$ cat coords-v7.pdb   # PDB, C-alpha atoms
ATOM      1  CA  MET Y   1     -14.531  -8.316 -42.140
ATOM      2  CA  ALA Y   2     -15.040  -4.561 -42.303
ATOM      3  CA  THR Y   3     -14.897  -4.198 -38.503
ATOM      4  CA  ALA Y   4     -11.980  -6.565 -37.942
ATOM      5  CA  GLN Y   5      -9.307  -3.926 -38.570
ATOM      6  CA  PRO Y   6     -10.624  -1.196 -36.151
ATOM      7  CA  VAL Y   7     -11.176  -3.822 -33.419
ATOM      8  CA  ALA Y   8      -7.599  -5.091 -33.845
ATOM      9  CA  LYS Y   9      -6.341  -1.478 -33.826
ATOM     10  CA  LYS Y  10      -8.273  -0.695 -30.600
ATOM     11  CA  LYS Y  11      -6.981  -3.880 -28.976
ATOM     12  CA  ALA Y  12      -3.414  -2.947 -29.944
ATOM     13  CA  ALA Y  13      -3.906   0.579 -28.507
ATOM     14  CA  ASN Y  14      -4.951  -0.919 -25.131
ATOM     15  CA  GLN Y  15      -1.802  -3.028 -24.975
ATOM     16  CA  ILE Y  16       1.239  -1.235 -23.529
ATOM     17  CA  PRO Y  17       4.770  -2.665 -23.675
ATOM     18  CA  LEU Y  18       5.796  -3.896 -20.213
ATOM     19  CA  THR Y  19       9.014  -1.861 -20.487
ATOM     20  CA  TYR Y  20       6.970   1.383 -20.413
ATOM     21  CA  VAL Y  21       5.401   0.317 -17.119
ATOM     22  CA  VAL Y  22       8.734  -0.765 -15.603
ATOM     23  CA  ALA Y  23      10.333   2.530 -16.707
ATOM     24  CA  LEU Y  24       7.553   4.994 -15.908
ATOM     25  CA  VAL Y  25       6.005   3.740 -12.644
ATOM     26  CA  PRO Y  26       9.134   3.994 -10.396
ATOM     27  CA  VAL Y  27      10.118   7.346 -11.963
ATOM     28  CA  ALA Y  28       6.604   8.710 -11.354
ATOM     29  CA  ILE Y  29       6.691   7.576  -7.701
ATOM     30  CA  ALA Y  30      10.109   9.236  -7.278
ATOM     31  CA  LEU Y  31       8.808  12.424  -8.951
ATOM     32  CA  ASN Y  32       5.821  12.521  -6.565
ATOM     33  CA  ILE Y  33       8.023  12.006  -3.489
ATOM     34  CA  VAL Y  34      10.602  14.611  -4.586
ATOM     35  CA  GLY Y  35       7.794  17.092  -5.357
ATOM     36  CA  GLY Y  36       6.278  16.499  -1.919
ATOM     37  CA  GLN Y  37       9.644  16.948  -0.219
ATOM     38  CA  ILE Y  38      10.348  20.208  -2.118
ATOM     39  CA  ASN Y  39       6.901  21.443  -1.132
ATOM     40  CA  THR Y  40       7.516  20.586   2.541
ATOM     41  CA  ALA Y  41      10.962  22.210   2.481
ATOM     42  CA  LEU Y  42       9.630  25.450   0.950
ATOM     43  CA  ASN Y  43       6.398  25.374   3.014
ATOM     44  CA  LEU Y  44       4.289  26.148  -0.059
ATOM     45  CA  PRO Y  45       0.481  26.211   0.106
ATOM     46  CA  ILE Y  46       0.219  23.312  -2.406
ATOM     47  CA  PHE Y  47       1.208  19.604  -2.360
ATOM     48  CA  LEU Y  48       3.143  18.849  -5.625
ATOM     49  CA  ASP Y  49       2.839  15.100  -4.954
ATOM     50  CA  MET Y  50       0.602  14.165  -7.887
ATOM     51  CA  ILE Y  51       2.596  15.166 -10.979
ATOM     52  CA  GLY Y  52       3.900  11.613 -11.524
ATOM     53  CA  THR Y  53       0.423  10.224 -10.828
ATOM     54  CA  ALA Y  54      -1.030  12.448 -13.566
ATOM     55  CA  VAL Y  55       1.685  11.439 -16.072
ATOM     56  CA  VAL Y  56       1.167   7.696 -15.491
ATOM     57  CA  ALA Y  57      -2.656   7.913 -15.343
ATOM     58  CA  ILE Y  58      -2.710   9.693 -18.713
ATOM     59  CA  VAL Y  59       0.060   7.734 -20.490
ATOM     60  CA  LEU Y  60      -0.477   4.203 -19.112
ATOM     61  CA  GLY Y  61      -4.035   4.306 -17.730
ATOM     62  CA  PRO Y  62      -6.043   5.175 -14.595
ATOM     63  CA  TRP Y  63      -5.318   2.000 -12.615
ATOM     64  CA  TRP Y  64      -1.560   2.210 -13.201
ATOM     65  CA  GLY Y  65      -1.923   5.778 -11.894
ATOM     66  CA  ALA Y  66      -3.808   4.421  -8.870
ATOM     67  CA  LEU Y  67      -0.878   2.080  -8.191
ATOM     68  CA  VAL Y  68       1.540   5.039  -8.393
ATOM     69  CA  GLY Y  69      -0.683   7.101  -6.076
ATOM     70  CA  ALA Y  70      -0.983   4.375  -3.433
ATOM     71  CA  LEU Y  71       2.735   3.489  -3.540
ATOM     72  CA  THR Y  72       3.752   7.175  -3.358
ATOM     73  CA  ASN Y  73       1.963   7.740  -0.059
ATOM     74  CA  ILE Y  74       3.051   4.361   1.374
ATOM     75  CA  ILE Y  75       6.737   5.083   0.623
ATOM     76  CA  ALA Y  76       6.448   8.759   1.673
ATOM     77  CA  SER Y  77       4.982   7.668   5.027
ATOM     78  CA  PHE Y  78       8.329   5.971   5.799
ATOM     79  CA  ILE Y  79      10.202   9.184   4.945
ATOM     80  CA  SER Y  80       8.053  11.952   6.365
ATOM     81  CA  GLY Y  81       5.817  10.244   8.934
ATOM     82  CA  PRO Y  82       2.458   8.454   8.871
ATOM     83  CA  ILE Y  83       0.243  11.542   8.375
ATOM     84  CA  GLY Y  84       0.330  11.202   4.587
ATOM     85  CA  LEU Y  85      -0.809   7.564   4.450
ATOM     86  CA  PRO Y  86      -4.600   8.104   4.811
ATOM     87  CA  PHE Y  87      -4.355  10.689   2.000
ATOM     88  CA  ALA Y  88      -3.275   7.913  -0.413
ATOM     89  CA  VAL Y  89      -6.955   7.588  -1.361
ATOM     90  CA  CYS Y  90      -6.850  11.212  -2.614
ATOM     91  CA  ASN Y  91      -3.922  10.304  -4.870
ATOM     92  CA  VAL Y  92      -5.918   7.288  -6.140
ATOM     93  CA  VAL Y  93      -8.991   9.490  -6.835
ATOM     94  CA  GLY Y  94      -6.812  11.939  -8.795
ATOM     95  CA  ALA Y  95      -5.329   9.097 -10.867
ATOM     96  CA  LEU Y  96      -8.750   7.659 -11.728
ATOM     97  CA  ILE Y  97     -10.198  11.042 -12.773
ATOM     98  CA  TRP Y  98      -7.157  12.082 -14.829
ATOM     99  CA  GLY Y  99      -6.928   8.625 -16.416
ATOM    100  CA  TYR Y 100     -10.587   8.095 -17.276
ATOM    101  CA  GLY Y 101     -10.986  11.815 -18.116
ATOM    102  CA  VAL Y 102      -8.280  11.796 -20.793
ATOM    103  CA  ARG Y 103      -8.534   8.198 -22.023
ATOM    104  CA  SER Y 104     -12.292   7.482 -21.847
ATOM    105  CA  LEU Y 105     -14.042  10.882 -21.771
ATOM    106  CA  LYS Y 106     -11.469  12.406 -24.203
ATOM    107  CA  MET Y 107     -11.105  15.548 -22.077
ATOM    108  CA  GLY Y 108      -7.507  15.982 -23.199
ATOM    109  CA  ARG Y 109      -8.432  16.917 -26.803
ATOM    110  CA  LYS Y 110      -8.451  20.673 -26.188
ATOM    111  CA  PHE Y 111      -6.631  22.846 -23.684
ATOM    112  CA  TRP Y 112      -9.824  24.215 -22.135
ATOM    113  CA  THR Y 113     -11.312  20.721 -21.637
ATOM    114  CA  PHE Y 114      -8.015  19.618 -20.056
ATOM    115  CA  PHE Y 115      -8.200  22.683 -17.786
ATOM    116  CA  VAL Y 116     -11.769  21.712 -16.782
ATOM    117  CA  LEU Y 117     -10.535  18.163 -16.091
ATOM    118  CA  ASN Y 118      -7.920  19.563 -13.680
ATOM    119  CA  LEU Y 119     -10.666  21.541 -11.915
ATOM    120  CA  ALA Y 120     -12.726  18.321 -11.632
ATOM    121  CA  VAL Y 121      -9.698  16.499 -10.176
ATOM    122  CA  ALA Y 122      -9.254  19.317  -7.626
ATOM    123  CA  PHE Y 123     -12.927  19.155  -6.621
ATOM    124  CA  PHE Y 124     -13.127  15.370  -6.196
ATOM    125  CA  VAL Y 125      -9.750  15.161  -4.425
ATOM    126  CA  SER Y 126     -10.952  17.857  -1.990
ATOM    127  CA  MET Y 127     -14.215  15.970  -1.455
ATOM    128  CA  THR Y 128     -12.119  12.937  -0.477
ATOM    129  CA  ALA Y 129      -9.549  14.842   1.589
ATOM    130  CA  VAL Y 130     -11.917  16.944   3.714
ATOM    131  CA  PRO Y 131     -13.495  14.040   5.682
ATOM    132  CA  ILE Y 132      -9.974  12.697   6.339
ATOM    133  CA  TYR Y 133      -8.836  16.136   7.567
ATOM    134  CA  VAL Y 134     -11.883  16.651   9.781
ATOM    135  CA  PHE Y 135     -12.631  13.187  11.183
ATOM    136  CA  LEU Y 136      -9.087  11.818  11.422
ATOM    137  CA  PHE Y 137      -7.001  14.884  12.180
ATOM    138  CA  GLY Y 138      -9.540  17.267  13.691
ATOM    139  CA  GLY Y 139      -9.025  19.766  10.833
ATOM    140  CA  ALA Y 140      -5.260  20.351  10.984
ATOM    141  CA  THR Y 141      -2.181  18.450   9.793
ATOM    142  CA  GLY Y 142       0.507  21.145   9.989
ATOM    143  CA  HIS Y 143       0.118  22.105   6.282
ATOM    144  CA  PHE Y 144       0.071  25.751   5.151
ATOM    145  CA  SER Y 145      -3.688  25.459   4.497
ATOM    146  CA  ASP Y 146      -4.273  25.214   8.283
ATOM    147  CA  MET Y 147      -3.745  28.982   8.440
ATOM    148  CA  MET Y 148      -6.517  29.491   5.893
ATOM    149  CA  THR Y 149      -8.753  27.082   7.819
ATOM    150  CA  ALA Y 150      -8.128  29.177  10.959
ATOM    151  CA  ALA Y 151      -9.013  32.344   9.006
ATOM    152  CA  PHE Y 152     -12.303  30.813   7.812
ATOM    153  CA  LEU Y 153     -13.083  29.596  11.356
ATOM    154  CA  ALA Y 154     -12.453  33.121  12.660
ATOM    155  CA  MET Y 155     -15.019  34.377  10.117
ATOM    156  CA  GLY Y 156     -17.595  32.198  11.878
ATOM    157  CA  GLN Y 157     -17.748  29.193   9.513
ATOM    158  CA  ASN Y 158     -18.029  25.676  10.948
ATOM    159  CA  LEU Y 159     -15.055  23.292  10.802
ATOM    160  CA  LEU Y 160     -16.228  21.219   7.799
ATOM    161  CA  VAL Y 161     -16.921  24.296   5.642
ATOM    162  CA  SER Y 162     -13.647  25.963   6.743
ATOM    163  CA  VAL Y 163     -11.543  22.897   5.907
ATOM    164  CA  PHE Y 164     -13.317  22.449   2.541
ATOM    165  CA  SER Y 165     -12.895  26.154   1.668
ATOM    166  CA  SER Y 166      -9.169  26.160   2.401
ATOM    167  CA  ASN Y 167      -8.592  22.735   0.827
ATOM    168  CA  ILE Y 168     -10.406  23.495  -2.436
ATOM    169  CA  ILE Y 169      -8.303  26.653  -2.990
ATOM    170  CA  VAL Y 170      -5.046  24.792  -2.278
ATOM    171  CA  SER Y 171      -6.207  21.823  -4.357
ATOM    172  CA  LEU Y 172      -7.189  24.014  -7.339
ATOM    173  CA  ALA Y 173      -3.705  25.564  -7.485
ATOM    174  CA  ASP Y 174      -2.036  22.186  -6.964
ATOM    175  CA  LYS Y 175      -4.008  20.225  -9.587
ATOM    176  CA  ILE Y 176      -3.798  22.950 -12.249
ATOM    177  CA  ILE Y 177      -0.004  23.082 -11.790
ATOM    178  CA  ALA Y 178       0.296  19.254 -11.599
ATOM    179  CA  GLY Y 179      -1.895  18.728 -14.686
ATOM    180  CA  PHE Y 180      -0.035  21.185 -16.901
ATOM    181  CA  VAL Y 181       3.445  20.132 -15.668
ATOM    182  CA  ALA Y 182       2.373  16.539 -16.429
ATOM    183  CA  LEU Y 183       1.295  17.671 -19.921
ATOM    184  CA  ALA Y 184       4.750  19.220 -20.445
ATOM    185  CA  ILE Y 185       6.410  15.964 -19.303
ATOM    186  CA  ILE Y 186       4.158  13.897 -21.594
ATOM    187  CA  GLU Y 187       5.093  16.150 -24.537
ATOM    188  CA  ALA Y 188       8.761  15.402 -23.810
ATOM    189  CA  LEU Y 189       8.212  11.613 -23.823
ATOM    190  CA  PRO Y 190       8.948   9.608 -26.996
ATOM    191  CA  ALA Y 191       6.049   9.810 -29.475
ATOM    192  CA  ASN Y 192       5.463   6.036 -29.480
ATOM    193  CA  MET Y 193       4.648   6.151 -25.748
ATOM    194  CA  THR Y 194       1.744   8.516 -26.325
ATOM    195  CA  THR Y 195       0.174   6.978 -29.439
ATOM    196  CA  GLY Y 196      -3.561   6.496 -29.033
ATOM    197  CA  ILE Y 197      -3.869   9.219 -26.376
ATOM    198  CA  GLU Y 198      -5.788  12.283 -27.501
ATOM    199  CA  LEU Y 199      -3.953  15.354 -26.245
ATOM    200  CA  PRO Y 200      -4.196  19.009 -27.444
ATOM    201  CA  LYS Y 201      -2.979  19.291 -31.020
ATOM    202  CA  SER Y 202      -1.456  22.798 -31.288
ATOM    203  CA  GLU Y 203       2.095  22.947 -32.580
ATOM    204  CA  GLY Y 204       5.336  24.579 -31.439
ATOM    205  CA  LEU Y 205       5.168  27.860 -29.532
ATOM    206  CA  SER Y 206       1.373  27.807 -29.246
ATOM    207  CA  LYS Y 207       1.480  24.530 -27.279
ATOM    208  CA  ILE Y 208       4.248  25.838 -24.992
ATOM    209  CA  LEU Y 209       2.246  29.023 -24.365
ATOM    210  CA  TRP Y 210      -0.865  27.019 -23.405
ATOM    211  CA  ILE Y 211       1.129  24.862 -20.984
ATOM    212  CA  VAL Y 212       2.916  27.874 -19.446
ATOM    213  CA  GLY Y 213      -0.437  29.704 -19.262
ATOM    214  CA  GLY Y 214      -1.979  26.810 -17.311
ATOM    215  CA  ILE Y 215       0.950  26.714 -14.878
ATOM    216  CA  VAL Y 216       0.795  30.532 -14.442
ATOM    217  CA  ILE Y 217      -2.929  30.303 -13.556
ATOM    218  CA  GLY Y 218      -2.085  27.627 -10.958
ATOM    219  CA  VAL Y 219       0.711  29.746  -9.492
ATOM    220  CA  ALA Y 220      -1.616  32.786  -9.403
ATOM    221  CA  VAL Y 221      -4.193  30.796  -7.395
ATOM    222  CA  MET Y 222      -1.362  29.647  -5.094
ATOM    223  CA  LEU Y 223      -0.152  33.239  -4.552
ATOM    224  CA  PHE Y 224      -3.731  34.353  -3.892
ATOM    225  CA  SER Y 225      -4.077  31.669  -1.206
ATOM    226  CA  MET Y 226      -0.662  32.648   0.276
ATOM    227  CA  TYR Y 227      -1.075  36.395   0.419
ATOM    228  CA  GLY Y 228      -4.821  36.895   0.065
ATOM    229  CA  LEU Y 229      -6.028  34.374   2.651
ATOM    230  CA  GLY Y 230      -3.118  32.824   4.482
ATOM    231  CA  GLY Y 231      -0.960  35.687   5.224
TER     232      GLY Y 231
ATOM    233  CA  MET L 232      15.078 -13.135 -35.190
ATOM    234  CA  SER L 233      12.811 -10.305 -34.003
ATOM    235  CA  LYS L 234      12.054 -10.694 -30.287
ATOM    236  CA  GLU L 235       8.358 -10.415 -29.334
ATOM    237  CA  VAL L 236       7.683  -7.410 -27.065
ATOM    238  CA  LYS L 237       5.848  -8.293 -23.838
ATOM    239  CA  THR L 238       2.745  -6.163 -23.445
ATOM    240  CA  VAL L 239       0.308  -5.435 -20.624
ATOM    241  CA  GLY L 240      -3.315  -4.342 -20.945
ATOM    242  CA  THR L 241      -6.452  -3.469 -18.984
ATOM    243  CA  LYS L 242      -6.368  -6.725 -17.000
ATOM    244  CA  GLU L 243      -2.851  -6.092 -15.703
ATOM    245  CA  ALA L 244      -3.634  -2.392 -15.019
ATOM    246  CA  LEU L 245      -6.624  -3.349 -12.870
ATOM    247  CA  GLY L 246      -4.536  -5.984 -11.110
ATOM    248  CA  ALA L 247      -1.852  -3.371 -10.364
ATOM    249  CA  GLY L 248      -4.445  -0.940  -9.001
ATOM    250  CA  VAL L 249      -5.906  -3.614  -6.707
ATOM    251  CA  LEU L 250      -2.352  -4.521  -5.576
ATOM    252  CA  GLY L 251      -1.767  -0.865  -4.643
ATOM    253  CA  LEU L 252      -5.006  -0.752  -2.663
ATOM    254  CA  GLY L 253      -4.115  -4.040  -0.951
ATOM    255  CA  LEU L 254      -0.704  -2.674   0.069
ATOM    256  CA  LEU L 255      -2.431   0.411   1.444
ATOM    257  CA  VAL L 256      -4.730  -1.745   3.592
ATOM    258  CA  LEU L 257      -1.708  -3.729   4.853
ATOM    259  CA  PHE L 258       0.108  -0.585   5.974
ATOM    260  CA  LEU L 259      -2.936   1.143   7.494
ATOM    261  CA  PRO L 260      -3.014  -0.518  10.954
ATOM    262  CA  SER L 261       0.558   0.436  11.930
ATOM    263  CA  ALA L 262       0.242   3.923  10.415
ATOM    264  CA  VAL L 263      -3.059   4.555  12.186
ATOM    265  CA  GLN L 264      -1.516   3.603  15.544
ATOM    266  CA  LYS L 265       1.390   6.010  14.890
ATOM    267  CA  ILE L 266      -1.076   8.786  13.962
ATOM    268  CA  ALA L 267      -3.125   8.132  17.124
ATOM    269  CA  ASP L 268       0.074   8.506  19.188
ATOM    270  CA  LEU L 269       0.658  12.054  17.851
ATOM    271  CA  GLU L 270       0.040  14.762  20.445
ATOM    272  CA  PHE L 271      -2.450  16.878  18.487
ATOM    273  CA  ILE L 272      -4.656  13.906  17.470
ATOM    274  CA  THR L 273      -7.793  13.468  19.539
ATOM    275  CA  SER L 274      -9.336  10.539  17.605
ATOM    276  CA  GLU L 275      -8.810   6.921  18.653
ATOM    277  CA  ALA L 276      -6.902   4.408  16.538
ATOM    278  CA  PHE L 277      -9.911   2.077  16.127
ATOM    279  CA  ALA L 278     -12.170   4.839  14.786
ATOM    280  CA  MET L 279      -9.473   5.979  12.356
ATOM    281  CA  LEU L 280      -8.831   2.439  11.163
ATOM    282  CA  SER L 281     -12.507   1.666  10.593
ATOM    283  CA  GLY L 282     -12.988   4.916   8.661
ATOM    284  CA  SER L 283      -9.889   4.350   6.526
ATOM    285  CA  VAL L 284     -10.781   0.732   5.757
ATOM    286  CA  MET L 285     -14.283   1.807   4.684
ATOM    287  CA  VAL L 286     -12.876   4.403   2.278
ATOM    288  CA  VAL L 287     -10.330   1.969   0.791
ATOM    289  CA  GLY L 288     -13.132  -0.646   0.628
ATOM    290  CA  ILE L 289     -15.115   1.675  -1.657
ATOM    291  CA  PHE L 290     -12.153   1.826  -4.045
ATOM    292  CA  ILE L 291     -11.796  -1.956  -3.986
ATOM    293  CA  LEU L 292     -15.497  -2.176  -4.913
ATOM    294  CA  LEU L 293     -14.861   0.294  -7.762
ATOM    295  CA  ALA L 294     -11.951  -1.850  -8.933
ATOM    296  CA  GLY L 295     -14.216  -4.908  -8.837
ATOM    297  CA  LEU L 296     -16.823  -3.087 -10.935
ATOM    298  CA  ALA L 297     -14.094  -1.996 -13.371
ATOM    299  CA  VAL L 298     -13.007  -5.648 -13.713
ATOM    300  CA  MET L 299     -16.616  -6.662 -14.395
ATOM    301  CA  PHE L 300     -17.160  -4.044 -17.092
ATOM    302  CA  ALA L 301     -13.698  -3.984 -18.684
ATOM    303  CA  LYS L 302     -13.275  -5.615 -22.092
ATOM    304  CA  PHE L 303     -10.177  -7.764 -22.023
ATOM    305  CA  GLU L 304     -10.410  -9.027 -25.610
TER     306      GLU L 304
END

$ encode --input "coords-v7.pdb" --output "structure tokens"
Amino acid sequence: MATAQPVAKKKAANQIPLTYVVALVPVAIALNIVGGQINTALNLPIFLDMIGTAVVAIVLGPWWGALVGALTNIIASFISGPIGLPFAVCNVVGALIWGYGVRSLKMGRKFWTFFVLNLAVAFFVSMTAVPIYVFLFGGATGHFSDMMTAAFLAMGQNLLVSVFSSNIIVSLADKIIAGFVALAIIEALPANMTTGIELPKSEGLSKILWIVGGIVIGVAVMLFSMYGLGG
Amino acid sequence: MSKEVKTVGTKEALGAGVLGLGLLVLFLPSAVQKIADLEFITSEAFAMLSGSVMVVGIFILLAGLAVMFAKFE
């Protein structure tokens, strides 16, 4: 009888109202597509197409995030061409790591563990993206990072190392920004949507400063890749 | 007269993830052909399709494992 209450509580925490899914999933897909379009329009050395994926993976769970990731790239391939479709697996990898990282490994408890989680997402997404870049596209897709790849090739590196080096820098900036923007969005959601999710507990200005700090680090990495390596 | 709220859990989440992966597999053949037709692409459509299906297959296996180990009750 003593364990009945915690088990019931855990079961209730795993159950999400269907309305949350119906409301959040399409909005997250739209957010990803709009982010990707803004990035393409401004020709930034990041992707910005995983913010919605991060929000859904953390709030609803990793496999809902995987659905958002797959649907984002499928829908975006109709808008901006088929090049993005094979990279849907990268979006799925990001969703699984953000989702399991925050919900199962409890890496969202503190800001520094959440920061490390974003670095892990960047690493594993790059590990997935590099073979697609090299074996499907021959190392170039027309993204800003191609310039960095060319710079690394000119230094005498082989194609695989050059693509990984440029992609990991771009991915680090992108996932740090996406993770902390997602955290800001999650903070703005109604409290009952985020019950049971362990996120950093600081209050007021301190929390805002941590989130802004994370985004600033991401932007700094992006500027480094733009002006230090790409330009 | 309180109306019961419909909820979804781990089972539905895994189902949704597998649906997403299935959709991806459905769209791959046409997308791969379009990619192969691009001027700067040197790879052939068949090689791209086999590679892509293998990668998505790994995720479907992961989803299967997640279904096996998930606690639905």

$ atom_distance --input "coords-v7.pdb" --atom1 "atom CA of Y:Lys106" --atom2 "atom CA of Y:Ile46"
27.0 Å

$ interface_residues --input "coords-v7.pdb" --of "chain Y" --to "chain L" --cutoff "6 Å" --atoms "only C-alpha atoms" --output "list in words"
Asn14, Gln15, Ile16, Pro17, Leu18, Trp63, Trp64, Ala66, Leu67, Ala70, Pro82, Leu136 and Phe137 of chain Y

$ atom_distance --input "coords-v7.pdb" --atom1 "atom CA of Y:Leu85" --atom2 "atom CA of Y:Asn73"
5.3 Å

$ closest_atom_pairs --input "coords-v7.pdb" --of "stretch 39-158 of chain Y" --to "stretch 164-178 of chain Y" --cutoff "12 Å" --atoms "all atoms listed in the file" --output "tab-separated table"
residue	atom	partner	partner_atom	distance
Y:Asn39	CA	Y:Asp174	CA	10.7
Y:Leu44	CA	Y:Val170	CA	9.7
Y:Pro45	CA	Y:Val170	CA	6.2
Y:Ile46	CA	Y:Asp174	CA	5.2
Y:Phe47	CA	Y:Asp174	CA	6.2
Y:Leu48	CA	Y:Asp174	CA	6.3
Y:Asp49	CA	Y:Ala178	CA	8.2
Y:Met50	CA	Y:Ala178	CA	6.3
Y:Ile51	CA	Y:Ala178	CA	4.7
Y:Gly52	CA	Y:Ala178	CA	8.4
Y:Thr53	CA	Y:Ala178	CA	9.1
Y:Ala54	CA	Y:Ala178	CA	7.2
Y:Val55	CA	Y:Ala178	CA	9.1
Y:Cys90	CA	Y:Ser171	CA	10.8
Y:Asn91	CA	Y:Lys175	CA	11.0
Y:Gly94	CA	Y:Lys175	CA	8.8
Y:Ala95	CA	Y:Lys175	CA	11.3
Y:Ile97	CA	Y:Lys175	CA	11.5
Y:Trp98	CA	Y:Lys175	CA	10.2
Y:Phe111	CA	Y:Ile176	CA	11.8
Y:Trp112	CA	Y:Ile176	CA	11.6
Y:Phe114	CA	Y:Ile176	CA	9.5
Y:Phe115	CA	Y:Ile176	CA	7.1
Y:Val116	CA	Y:Ile176	CA	9.3
Y:Leu117	CA	Y:Ile176	CA	9.1
Y:Asn118	CA	Y:Ile176	CA	5.5
Y:Leu119	CA	Y:Leu172	CA	6.3
Y:Ala120	CA	Y:Leu172	CA	9.0
Y:Val121	CA	Y:Lys175	CA	6.8
Y:Ala122	CA	Y:Ser171	CA	5.1
Y:Phe123	CA	Y:Ile168	CA	6.5
Y:Phe124	CA	Y:Ile168	CA	9.4
Y:Val125	CA	Y:Ser171	CA	7.5
Y:Ser126	CA	Y:Ile168	CA	5.7
Y:Met127	CA	Y:Phe164	CA	7.7
Y:Thr128	CA	Y:Phe164	CA	10.1
Y:Ala129	CA	Y:Asn167	CA	8.0
Y:Val130	CA	Y:Phe164	CA	5.8
Y:Pro131	CA	Y:Phe164	CA	9.0
Y:Ile132	CA	Y:Phe164	CA	11.0
Y:Tyr133	CA	Y:Phe164	CA	9.2
Y:Val134	CA	Y:Phe164	CA	9.4
Y:Gly139	CA	Y:Phe164	CA	9.7
Y:Ala140	CA	Y:Asn167	CA	11.0
Y:Thr141	CA	Y:Asn167	CA	11.8
Y:His143	CA	Y:Asn167	CA	10.3
Y:Phe144	CA	Y:Val170	CA	9.1
Y:Ser145	CA	Y:Ser166	CA	5.9
Y:Asp146	CA	Y:Ser166	CA	7.7
Y:Met147	CA	Y:Ser166	CA	8.6
Y:Met148	CA	Y:Ser166	CA	5.5
Y:Thr149	CA	Y:Ser166	CA	5.5
Y:Ala150	CA	Y:Ser166	CA	9.1
Y:Ala151	CA	Y:Ser166	CA	9.0
Y:Phe152	CA	Y:Ser165	CA	7.7
Y:Leu153	CA	Y:Ser165	CA	10.3
Y:Met155	CA	Y:Ser165	CA	12.0
Y:Gln157	CA	Y:Ser165	CA	9.7
Y:Asn158	CA	Y:Phe164	CA	10.2

$ atom_distance --input "coords-v7.pdb" --atom1 "atom CA of Y:Ala76" --atom2 "atom CA of Y:Ile33"
6.3 Å

$ axis_aligned_box --input "coords-v7.pdb" --around "stretch 245-251 of chain L" --padding-each-side "6 Å" --output "AutoDock Vina command-line options"
--center_x -4.2 --center_y -3.4 --center_z -8.8 --size_x 16.9 --size_y 17.1 --size_z 20.2

$ closest_residue --input "coords-v7.pdb" --among "Y:Ala41, Y:Val221, Y:Ala154, Y:Val92" --to "Y:Thr72" --atoms "all atoms listed in the file"
Y:Val92

$ residues_around --input "coords-v7.pdb" --residues "Y:Ile208" --least-positions-apart "5" --cutoff "9 Å" --atoms "all atoms listed in the file" --output "PDB file with C-alpha atoms, keeping the file's coordinate frame"
ATOM      1  CA  ALA Y 184       4.750  19.220 -20.445  1.00  0.00           C
ATOM      2  CA  GLU Y 203       2.095  22.947 -32.580  1.00  0.00           C
ATOM      3  CA  GLY Y 213      -0.437  29.704 -19.262  1.00  0.00           C
TER       4      GLY Y 213
END

$ resolve_selection --input "coords-v7.pdb" --expression "the PyMOL selection byres ((chain Y and resi 194) around 12)" --output "list in words"
Ala13, Asn14, Ile16, Pro17, Tyr20, Val55, Val56, Ala57, Ile58, Val59, Leu60, Gly61, Val102, Arg103, Leu183, Ile185, Ile186, Glu187, Ala188, Leu189, Pro190, Ala191, Asn192, Met193, Thr195, Gly196, Ile197, Glu198 and Leu199 of chain Y

$ residues_around --input "coords-v7.pdb" --residues "Y:Pro26" --least-positions-apart "5" --cutoff "10 Å" --atoms "only C-alpha atoms" --output "list in words"
Val21, Leu31, Asn32, Gly52, Val68, Leu71 and Thr72 of chain Y

$ residues_near_point --input "coords-v7.pdb" --point "(-4.9, 20.2, -27.7)" --cutoff "8 Å" --atoms "all atoms listed in the file" --output "PyMOL selection string"
chain Y and resi 108-111+198-202+207

$ build_atoms --input "coords-v7.pdb" --residues "stretch 296-304 of chain L" --atoms "N, CA and C atoms" --output "short mmCIF file (atom, residue, chain, number, x, y, z; two decimals), in the coordinates of the input"
data_model
loop_
_atom_site.label_atom_id
_atom_site.label_comp_id
_atom_site.auth_asym_id
_atom_site.auth_seq_id
_atom_site.Cartn_x
_atom_site.Cartn_y
_atom_site.Cartn_z
N LEU L 296 -15.88 -3.47 -9.87
CA LEU L 296 -16.82 -3.09 -10.94
C LEU L 296 -16.08 -2.88 -12.26
N ALA L 297 -14.89 -2.23 -12.16
CA ALA L 297 -14.09 -2.00 -13.37
C ALA L 297 -13.70 -3.32 -14.00
N VAL L 298 -13.36 -4.32 -13.18
CA VAL L 298 -13.01 -5.65 -13.71
C VAL L 298 -14.22 -6.25 -14.42
N MET L 299 -15.41 -6.07 -13.79
CA MET L 299 -16.62 -6.66 -14.40
C MET L 299 -16.95 -6.04 -15.75
N PHE L 300 -16.74 -4.72 -15.86
CA PHE L 300 -17.16 -4.04 -17.09
C PHE L 300 -16.05 -3.87 -18.12
N ALA L 301 -14.81 -4.16 -17.73
CA ALA L 301 -13.70 -3.98 -18.68
C ALA L 301 -13.76 -5.05 -19.77
N LYS L 302 -13.33 -4.65 -20.98
CA LYS L 302 -13.28 -5.62 -22.09
C LYS L 302 -11.81 -6.03 -22.25
N PHE L 303 -11.56 -7.30 -21.98
CA PHE L 303 -10.18 -7.76 -22.02
C PHE L 303 -9.77 -8.28 -23.40
N GLU L 304 -10.74 -8.50 -24.27
CA GLU L 304 -10.41 -9.03 -25.61
C GLU L 304 -10.61 -7.95 -26.66
#
